[in-house]
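So the structure is just underneath, and the comments pick up after that.
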Amino acid sequence: LAVAKVSGTVTLDPTGNYTLIPADVLSSYSDAGVGVETVSMVPASVSCANLGLLTIIVTVTDYCGNQTIVTPQITVLQGTALLSPWVQGNTSPSANGTAVYSPCTNNGTFYLTTQGVSAPKVDVHDFVYQQLCGNGTVIVRLDDIQNGGWAGVMMRESNAPGAKAVYFKTRLYNPNVYIGYRTTTNGNMTNINQVIPLIHWMKIQRSGNSFMIYTSYNGTSWIRRYTTTVAMTNCINAGFFTENFVAGRTTTSWFDHAEVVGYLKTGEEVEAEKENSIKDAFEVSFYPNPANNQITIEAPENTETIKMMLISAEGVVVETKQFNSMEVIYNLQLIKPGVYLLRFERDGMVVNKRLIVM
């Protein structure tokens, strides 16, 4: 048996899987006598668990039972194609949006970029969506946003820039969010401002011409933020989007836990006045406050990773840290005096604290 191995690269499909074929690991194989009967590989397929360099055990067997075993190495990469039935579209050519999908990040993460800036009658969005006919629900979790801009969840009659639409959008680190709706094609978008800090989970439900907007701090307990009526066609587009905020920039947002279902997907619904009990689902404190050089942060009985962000009064993320202990010293020597928001997040739960730096 003559076998030549090859070191190659394979890319997972949008489901995070790939089935190997001989050409992925062998450049050639032959038997001058009786011929090759089988080529077997272990593993025969790869998934998110195999990302990076991987050794494959390849056994080539001829018709007389003779075997040759080789151990080539391949590199397993994530793909970028969107997971079907999700599709990407721009609500305006000036959005110049892109969308890629990483199947192995947070069980599937969408990365969106966009340029351009919206106007009252013209939406400039990078939109990832599915078609929804009749009643239904769209849910998504916003993981993060970079370089300013907006990110949110939306249902719209079409991808035309002036289509009837309903959306919820946030800048994440700025507590001012907007609920928007357009009731007539090419009419003005009505925007309603609310103050809701650090929203990750968002949901819109459609029941006939009624659209209900919800947010959540943990993906299970939902707070209804607004209900509006917009007469749309039976089949619409439902998904999530990112929108630029300042001309000349490119906004990047990433989303996970995205789904569109053809029914009203419910969860525990709580009153808005109870939302603090949802946010403050784990205990964290610090001292002194006001502070000069450092603070001591305490998280009693904590055994998990807590992500901490220091956010200025203008909504700018000044610094990001992570810790997994019950006590940590945070140095403030390079932080300018002022009033800041300390945001602590663990497992989708958020605690916000006010810090004064002297």
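Lettering and numbering for the structure tokens are positional, with chains as A, B, ... in the shown order, residues counted from 1 in each chain, and ligands counted from 1 in the shown order.
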What's the 6 Å shell around Gln322 in chain A, counting only C-alpha atoms, without same-chain residues fewer than 4 positions away, as a CSV table (one decimal) with all heavy atoms, in the first residue's frame?
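Saved file selection39.csv follows:
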```csv
chain,number,residue,atom,x,y,z
A,306,ILE,N,-17.0,36.9,37.5
A,306,ILE,CA,-17.8,38.1,37.5
A,306,ILE,C,-17.1,39.1,36.5
A,306,ILE,O,-15.9,39.3,36.7
A,306,ILE,CB,-17.9,38.7,38.9
A,306,ILE,CG1,-18.7,37.8,39.8
A,306,ILE,CG2,-18.6,40.1,38.7
A,306,ILE,CD1,-18.9,38.3,41.2
A,307,LYS,N,-17.8,39.6,35.6
A,307,LYS,CA,-17.3,40.6,34.6
A,307,LYS,C,-17.6,42.0,35.2
A,307,LYS,O,-18.8,42.2,35.5
A,307,LYS,CB,-17.9,40.4,33.3
A,307,LYS,CG,-17.4,41.4,32.2
A,307,LYS,CD,-18.0,41.2,30.9
A,307,LYS,CE,-17.5,42.2,29.8
A,307,LYS,NZ,-18.2,41.9,28.5
A,308,MET,N,-16.6,42.8,35.3
A,308,MET,CA,-16.9,44.1,35.9
A,308,MET,C,-16.5,45.2,34.8
A,308,MET,O,-15.5,45.1,34.1
A,308,MET,CB,-16.0,44.3,37.1
A,308,MET,CG,-16.2,45.7,37.9
A,308,MET,SD,-15.0,46.0,39.1
A,308,MET,CE,-13.6,46.5,38.1
```
Select from range 198-228 of chain A every residue with an atom at most 8 Å from any atom of range 135-153 of chain A, then for each give the shortest pair of atoms and their distance in Å to one decimal, using only C-alpha atoms, rows by chain and rising number, as JSON lines.
```
{"residue": "A:Ile199", "atom": "CA", "partner": "A:Leu142", "partner_atom": "CA", "distance": 7.8}
{"residue": "A:His200", "atom": "CA", "partner": "A:Leu142", "partner_atom": "CA", "distance": 4.7}
{"residue": "A:Trp201", "atom": "CA", "partner": "A:Arg141", "partner_atom": "CA", "distance": 4.4}
{"residue": "A:Met202", "atom": "CA", "partner": "A:Val140", "partner_atom": "CA", "distance": 5.7}
{"residue": "A:Lys203", "atom": "CA", "partner": "A:Ile139", "partner_atom": "CA", "distance": 4.5}
{"residue": "A:Ile204", "atom": "CA", "partner": "A:Val138", "partner_atom": "CA", "distance": 5.5}
{"residue": "A:Gln205", "atom": "CA", "partner": "A:Thr137", "partner_atom": "CA", "distance": 4.4}
{"residue": "A:Arg206", "atom": "CA", "partner": "A:Asn135", "partner_atom": "CA", "distance": 5.1}
{"residue": "A:Ser207", "atom": "CA", "partner": "A:Asn135", "partner_atom": "CA", "distance": 5.0}
{"residue": "A:Gly208", "atom": "CA", "partner": "A:Asn135", "partner_atom": "CA", "distance": 6.2}
{"residue": "A:Gly219", "atom": "CA", "partner": "A:Arg141", "partner_atom": "CA", "distance": 8.0}
```
Please save N, CA, C and O atoms of the selected residues as a PDB file, in the first residue's frame.
```pdb
ATOM      1  N   ILE A 199     -29.270  46.553  29.190  1.00  0.00           N
ATOM      2  CA  ILE A 199     -30.190  45.527  28.698  1.00  0.00           C
ATOM      3  C   ILE A 199     -29.463  44.585  27.737  1.00  0.00           C
ATOM      4  O   ILE A 199     -28.824  45.022  26.784  1.00  0.00           O
ATOM      5  N   HIS A 200     -29.560  43.296  27.991  1.00  0.00           N
ATOM      6  CA  HIS A 200     -29.028  42.276  27.085  1.00  0.00           C
ATOM      7  C   HIS A 200     -30.155  41.521  26.365  1.00  0.00           C
ATOM      8  O   HIS A 200     -30.110  41.330  25.162  1.00  0.00           O
ATOM      9  N   TRP A 201     -31.148  41.049  27.123  1.00  0.00           N
ATOM     10  CA  TRP A 201     -32.211  40.220  26.560  1.00  0.00           C
ATOM     11  C   TRP A 201     -33.358  41.096  26.062  1.00  0.00           C
ATOM     12  O   TRP A 201     -33.828  41.976  26.785  1.00  0.00           O
ATOM     13  N   MET A 202     -33.836  40.816  24.834  1.00  0.00           N
ATOM     14  CA  MET A 202     -34.911  41.590  24.220  1.00  0.00           C
ATOM     15  C   MET A 202     -35.882  40.658  23.511  1.00  0.00           C
ATOM     16  O   MET A 202     -35.479  39.624  22.975  1.00  0.00           O
ATOM     17  N   LYS A 203     -37.142  41.050  23.495  1.00  0.00           N
ATOM     18  CA  LYS A 203     -38.162  40.204  22.871  1.00  0.00           C
ATOM     19  C   LYS A 203     -39.282  41.073  22.306  1.00  0.00           C
ATOM     20  O   LYS A 203     -39.678  42.061  22.923  1.00  0.00           O
ATOM     21  N   ILE A 204     -39.784  40.707  21.113  1.00  0.00           N
ATOM     22  CA  ILE A 204     -41.000  41.300  20.557  1.00  0.00           C
ATOM     23  C   ILE A 204     -41.963  40.165  20.240  1.00  0.00           C
ATOM     24  O   ILE A 204     -41.578  39.167  19.623  1.00  0.00           O
ATOM     25  N   GLN A 205     -43.220  40.333  20.650  1.00  0.00           N
ATOM     26  CA  GLN A 205     -44.269  39.383  20.311  1.00  0.00           C
ATOM     27  C   GLN A 205     -45.296  40.075  19.428  1.00  0.00           C
ATOM     28  O   GLN A 205     -45.670  41.228  19.686  1.00  0.00           O
ATOM     29  N   ARG A 206     -45.755  39.354  18.408  1.00  0.00           N
ATOM     30  CA  ARG A 206     -46.802  39.863  17.526  1.00  0.00           C
ATOM     31  C   ARG A 206     -48.060  39.037  17.698  1.00  0.00           C
ATOM     32  O   ARG A 206     -48.032  37.811  17.587  1.00  0.00           O
ATOM     33  N   SER A 207     -49.161  39.719  17.969  1.00  0.00           N
ATOM     34  CA  SER A 207     -50.472  39.092  18.024  1.00  0.00           C
ATOM     35  C   SER A 207     -51.401  39.926  17.165  1.00  0.00           C
ATOM     36  O   SER A 207     -51.884  40.978  17.602  1.00  0.00           O
ATOM     37  N   GLY A 208     -51.620  39.487  15.924  1.00  0.00           N
ATOM     38  CA  GLY A 208     -52.381  40.300  14.985  1.00  0.00           C
ATOM     39  C   GLY A 208     -51.619  41.565  14.657  1.00  0.00           C
ATOM     40  O   GLY A 208     -50.469  41.508  14.207  1.00  0.00           O
ATOM     41  N   GLY A 219     -33.194  36.364  30.838  1.00  0.00           N
ATOM     42  CA  GLY A 219     -33.734  35.510  29.782  1.00  0.00           C
ATOM     43  C   GLY A 219     -34.919  34.671  30.203  1.00  0.00           C
ATOM     44  O   GLY A 219     -35.462  33.932  29.371  1.00  0.00           O
TER      45      GLY A 219
END
```
> Please, which residues of range 113-257 of chain A, numbered as in this document, come out strand (DSSP E or B) from DSSP, as a ChimeraX atom specification?
Replying inline: /A:113-114,119,122,126-133,136-146,150-156,165-170,176-182,190-195,201-207,210-216,221-229,235-243,251-257
>> If we count only C-alpha atoms and set the cut-off at 9 Å, which residues sit around Thr68 in chain A, ignoring sequence neighbours fewer than 2 positions away in its own chain? Please answer as a PyMOL selection string.
In response: chain A and resi 1-3+58-62+66+70
Selected residues, N, CA and C atoms, written as a CSV table (one decimal), in the first residue's frame, please.
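Writing done, so here's part-v7.csv:
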```csv
chain,number,residue,atom,x,y,z
A,1,LEU,N,0.8,-1.2,0.0
A,1,LEU,CA,0.0,0.0,0.0
A,1,LEU,C,0.9,1.2,0.0
A,2,ALA,N,0.5,2.2,-0.9
A,2,ALA,CA,1.2,3.5,-0.9
A,2,ALA,C,0.3,4.6,-0.4
A,3,VAL,N,0.6,5.3,0.7
A,3,VAL,CA,-0.2,6.3,1.3
A,3,VAL,C,0.6,7.5,1.5
A,58,VAL,N,-5.7,7.4,10.5
A,58,VAL,CA,-6.3,7.0,9.2
A,58,VAL,C,-5.8,5.6,8.9
A,59,THR,N,-6.7,4.7,8.6
A,59,THR,CA,-6.3,3.3,8.3
A,59,THR,C,-6.8,3.0,6.9
A,60,VAL,N,-5.8,2.6,6.0
A,60,VAL,CA,-6.1,2.3,4.6
A,60,VAL,C,-6.0,0.8,4.5
A,61,THR,N,-7.0,0.1,4.0
A,61,THR,CA,-7.0,-1.4,4.0
A,61,THR,C,-7.2,-1.8,2.5
A,62,ASP,N,-6.4,-2.8,2.0
A,62,ASP,CA,-6.6,-3.3,0.7
A,62,ASP,C,-7.5,-4.5,0.7
A,66,ASN,N,-4.5,-6.2,4.1
A,66,ASN,CA,-3.3,-5.5,4.5
A,66,ASN,C,-3.7,-4.0,4.9
A,70,VAL,N,-1.6,5.9,9.1
A,70,VAL,CA,-0.9,7.1,9.2
A,70,VAL,C,-1.7,8.1,10.1
```
>> So that I can check the surroundings of range 113-126 of chain A, please list as a ChimeraX atom specification every protein, DNA and RNA residue that reaches within 10 Å of it, counting only C-alpha atoms and ignoring chain neighbours fewer than 6 positions away.
In response: /A:88-100,145-146,149-151,159-163,165,182,185-191,240-254
> Which of these, A:Asn106, A:Ser27, A:Thr220, A:Asn193, has the shortest distance to Cys48 in chain A once you count only C-alpha atoms?
Replying inline: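 For Cys48 in chain A, the nearest of the given residues is A:Asn106.
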> Pro197 in chain A: which residues within 12 Å, counting only C-alpha atoms, same-chain residues fewer than 5 positions away excluded, as a PyMOL selection string?
Replying inline: chain A and resi 169-178+215-217+275-276+279+311+315+341-343+350-353
>> Can you tell me which residues surround range 223-229 of chain A at a distance of at most 8 Å, considering only C-alpha atoms, apart from same-chain residues fewer than 3 positions away, and format the answer as a list in words?
In response: Ile179, Tyr181, Thr183, Asn209, Ser210, Phe211, Met212, Ile213, Tyr214, Thr215, Ser216, Glu269, Val270, Glu271, Ala272 and Glu275 of chain A
Next, write the just-selected residues to a file, as a PDB file, in the first residue's frame, keeping N, CA and C atoms as the atom set.
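result-v3.pdb written:
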```
ATOM      1  N   ILE A 179     -37.740  52.768  21.990  1.00  0.00           N
ATOM      2  CA  ILE A 179     -38.758  51.923  21.375  1.00  0.00           C
ATOM      3  C   ILE A 179     -39.273  52.692  20.168  1.00  0.00           C
ATOM      4  N   TYR A 181     -41.539  52.796  16.336  1.00  0.00           N
ATOM      5  CA  TYR A 181     -42.530  52.170  15.476  1.00  0.00           C
ATOM      6  C   TYR A 181     -42.918  53.142  14.369  1.00  0.00           C
ATOM      7  N   THR A 183     -45.987  53.487  11.576  1.00  0.00           N
ATOM      8  CA  THR A 183     -47.320  52.952  11.279  1.00  0.00           C
ATOM      9  C   THR A 183     -47.718  53.087   9.816  1.00  0.00           C
ATOM     10  N   ASN A 209     -52.227  42.706  14.894  1.00  0.00           N
ATOM     11  CA  ASN A 209     -51.563  43.990  14.673  1.00  0.00           C
ATOM     12  C   ASN A 209     -51.005  44.585  15.954  1.00  0.00           C
ATOM     13  N   SER A 210     -51.017  43.806  17.027  1.00  0.00           N
ATOM     14  CA  SER A 210     -50.492  44.258  18.307  1.00  0.00           C
ATOM     15  C   SER A 210     -49.074  43.734  18.500  1.00  0.00           C
ATOM     16  N   PHE A 211     -48.163  44.645  18.878  1.00  0.00           N
ATOM     17  CA  PHE A 211     -46.764  44.289  19.077  1.00  0.00           C
ATOM     18  C   PHE A 211     -46.374  44.643  20.511  1.00  0.00           C
ATOM     19  N   MET A 212     -45.893  43.645  21.244  1.00  0.00           N
ATOM     20  CA  MET A 212     -45.523  43.809  22.642  1.00  0.00           C
ATOM     21  C   MET A 212     -44.017  43.669  22.784  1.00  0.00           C
ATOM     22  N   ILE A 213     -43.397  44.642  23.438  1.00  0.00           N
ATOM     23  CA  ILE A 213     -41.945  44.696  23.584  1.00  0.00           C
ATOM     24  C   ILE A 213     -41.576  44.386  25.020  1.00  0.00           C
ATOM     25  N   TYR A 214     -40.610  43.473  25.189  1.00  0.00           N
ATOM     26  CA  TYR A 214     -40.167  43.036  26.510  1.00  0.00           C
ATOM     27  C   TYR A 214     -38.644  43.127  26.604  1.00  0.00           C
ATOM     28  N   THR A 215     -38.158  43.257  27.841  1.00  0.00           N
ATOM     29  CA  THR A 215     -36.738  43.099  28.122  1.00  0.00           C
ATOM     30  C   THR A 215     -36.584  42.184  29.324  1.00  0.00           C
ATOM     31  N   SER A 216     -35.362  41.670  29.479  1.00  0.00           N
ATOM     32  CA  SER A 216     -35.086  40.759  30.584  1.00  0.00           C
ATOM     33  C   SER A 216     -33.634  40.913  31.003  1.00  0.00           C
ATOM     34  N   GLU A 269     -43.570  36.744  33.633  1.00  0.00           N
ATOM     35  CA  GLU A 269     -43.712  38.179  33.395  1.00  0.00           C
ATOM     36  C   GLU A 269     -43.832  38.881  34.736  1.00  0.00           C
ATOM     37  N   VAL A 270     -42.975  39.888  34.946  1.00  0.00           N
ATOM     38  CA  VAL A 270     -42.962  40.614  36.204  1.00  0.00           C
ATOM     39  C   VAL A 270     -43.229  42.085  35.942  1.00  0.00           C
ATOM     40  N   GLU A 271     -43.648  42.781  36.972  1.00  0.00           N
ATOM     41  CA  GLU A 271     -43.913  44.211  36.859  1.00  0.00           C
ATOM     42  C   GLU A 271     -42.597  44.978  36.847  1.00  0.00           C
ATOM     43  N   ALA A 272     -42.601  46.124  36.164  1.00  0.00           N
ATOM     44  CA  ALA A 272     -41.381  46.915  36.028  1.00  0.00           C
ATOM     45  C   ALA A 272     -40.815  47.328  37.371  1.00  0.00           C
ATOM     46  N   GLU A 275     -38.111  45.055  38.919  1.00  0.00           N
ATOM     47  CA  GLU A 275     -36.946  44.670  38.149  1.00  0.00           C
ATOM     48  C   GLU A 275     -35.653  44.700  38.960  1.00  0.00           C
TER      49      GLU A 275
END
```
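In this structure, CA of Pro14 in chain A sits 11.0 Å away from CA of Phe110 in chain A.
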> To one decimal place, how far is CA of Lys265 in chain A from CA of Val230 in chain A in Å?
Replying inline: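 Distance reported for this atom pair: 19.9 Å.
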>> If we count only C-alpha atoms and set the cut-off at 12 Å, which residues sit around Ala49 in chain A, ignoring sequence neighbours fewer than 4 positions away in its own chain? Please answer as a ChimeraX atom specification.
In response: /A:12,16-18,43,45,53-54,76-78,103-105,107
> Interatomic distance between CA of Asn324 in chain A and CA of Val284 in chain A?
Replying inline: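 According to the coordinates, CA of Asn324 in chain A and CA of Val284 in chain A are separated by 12.1 Å.
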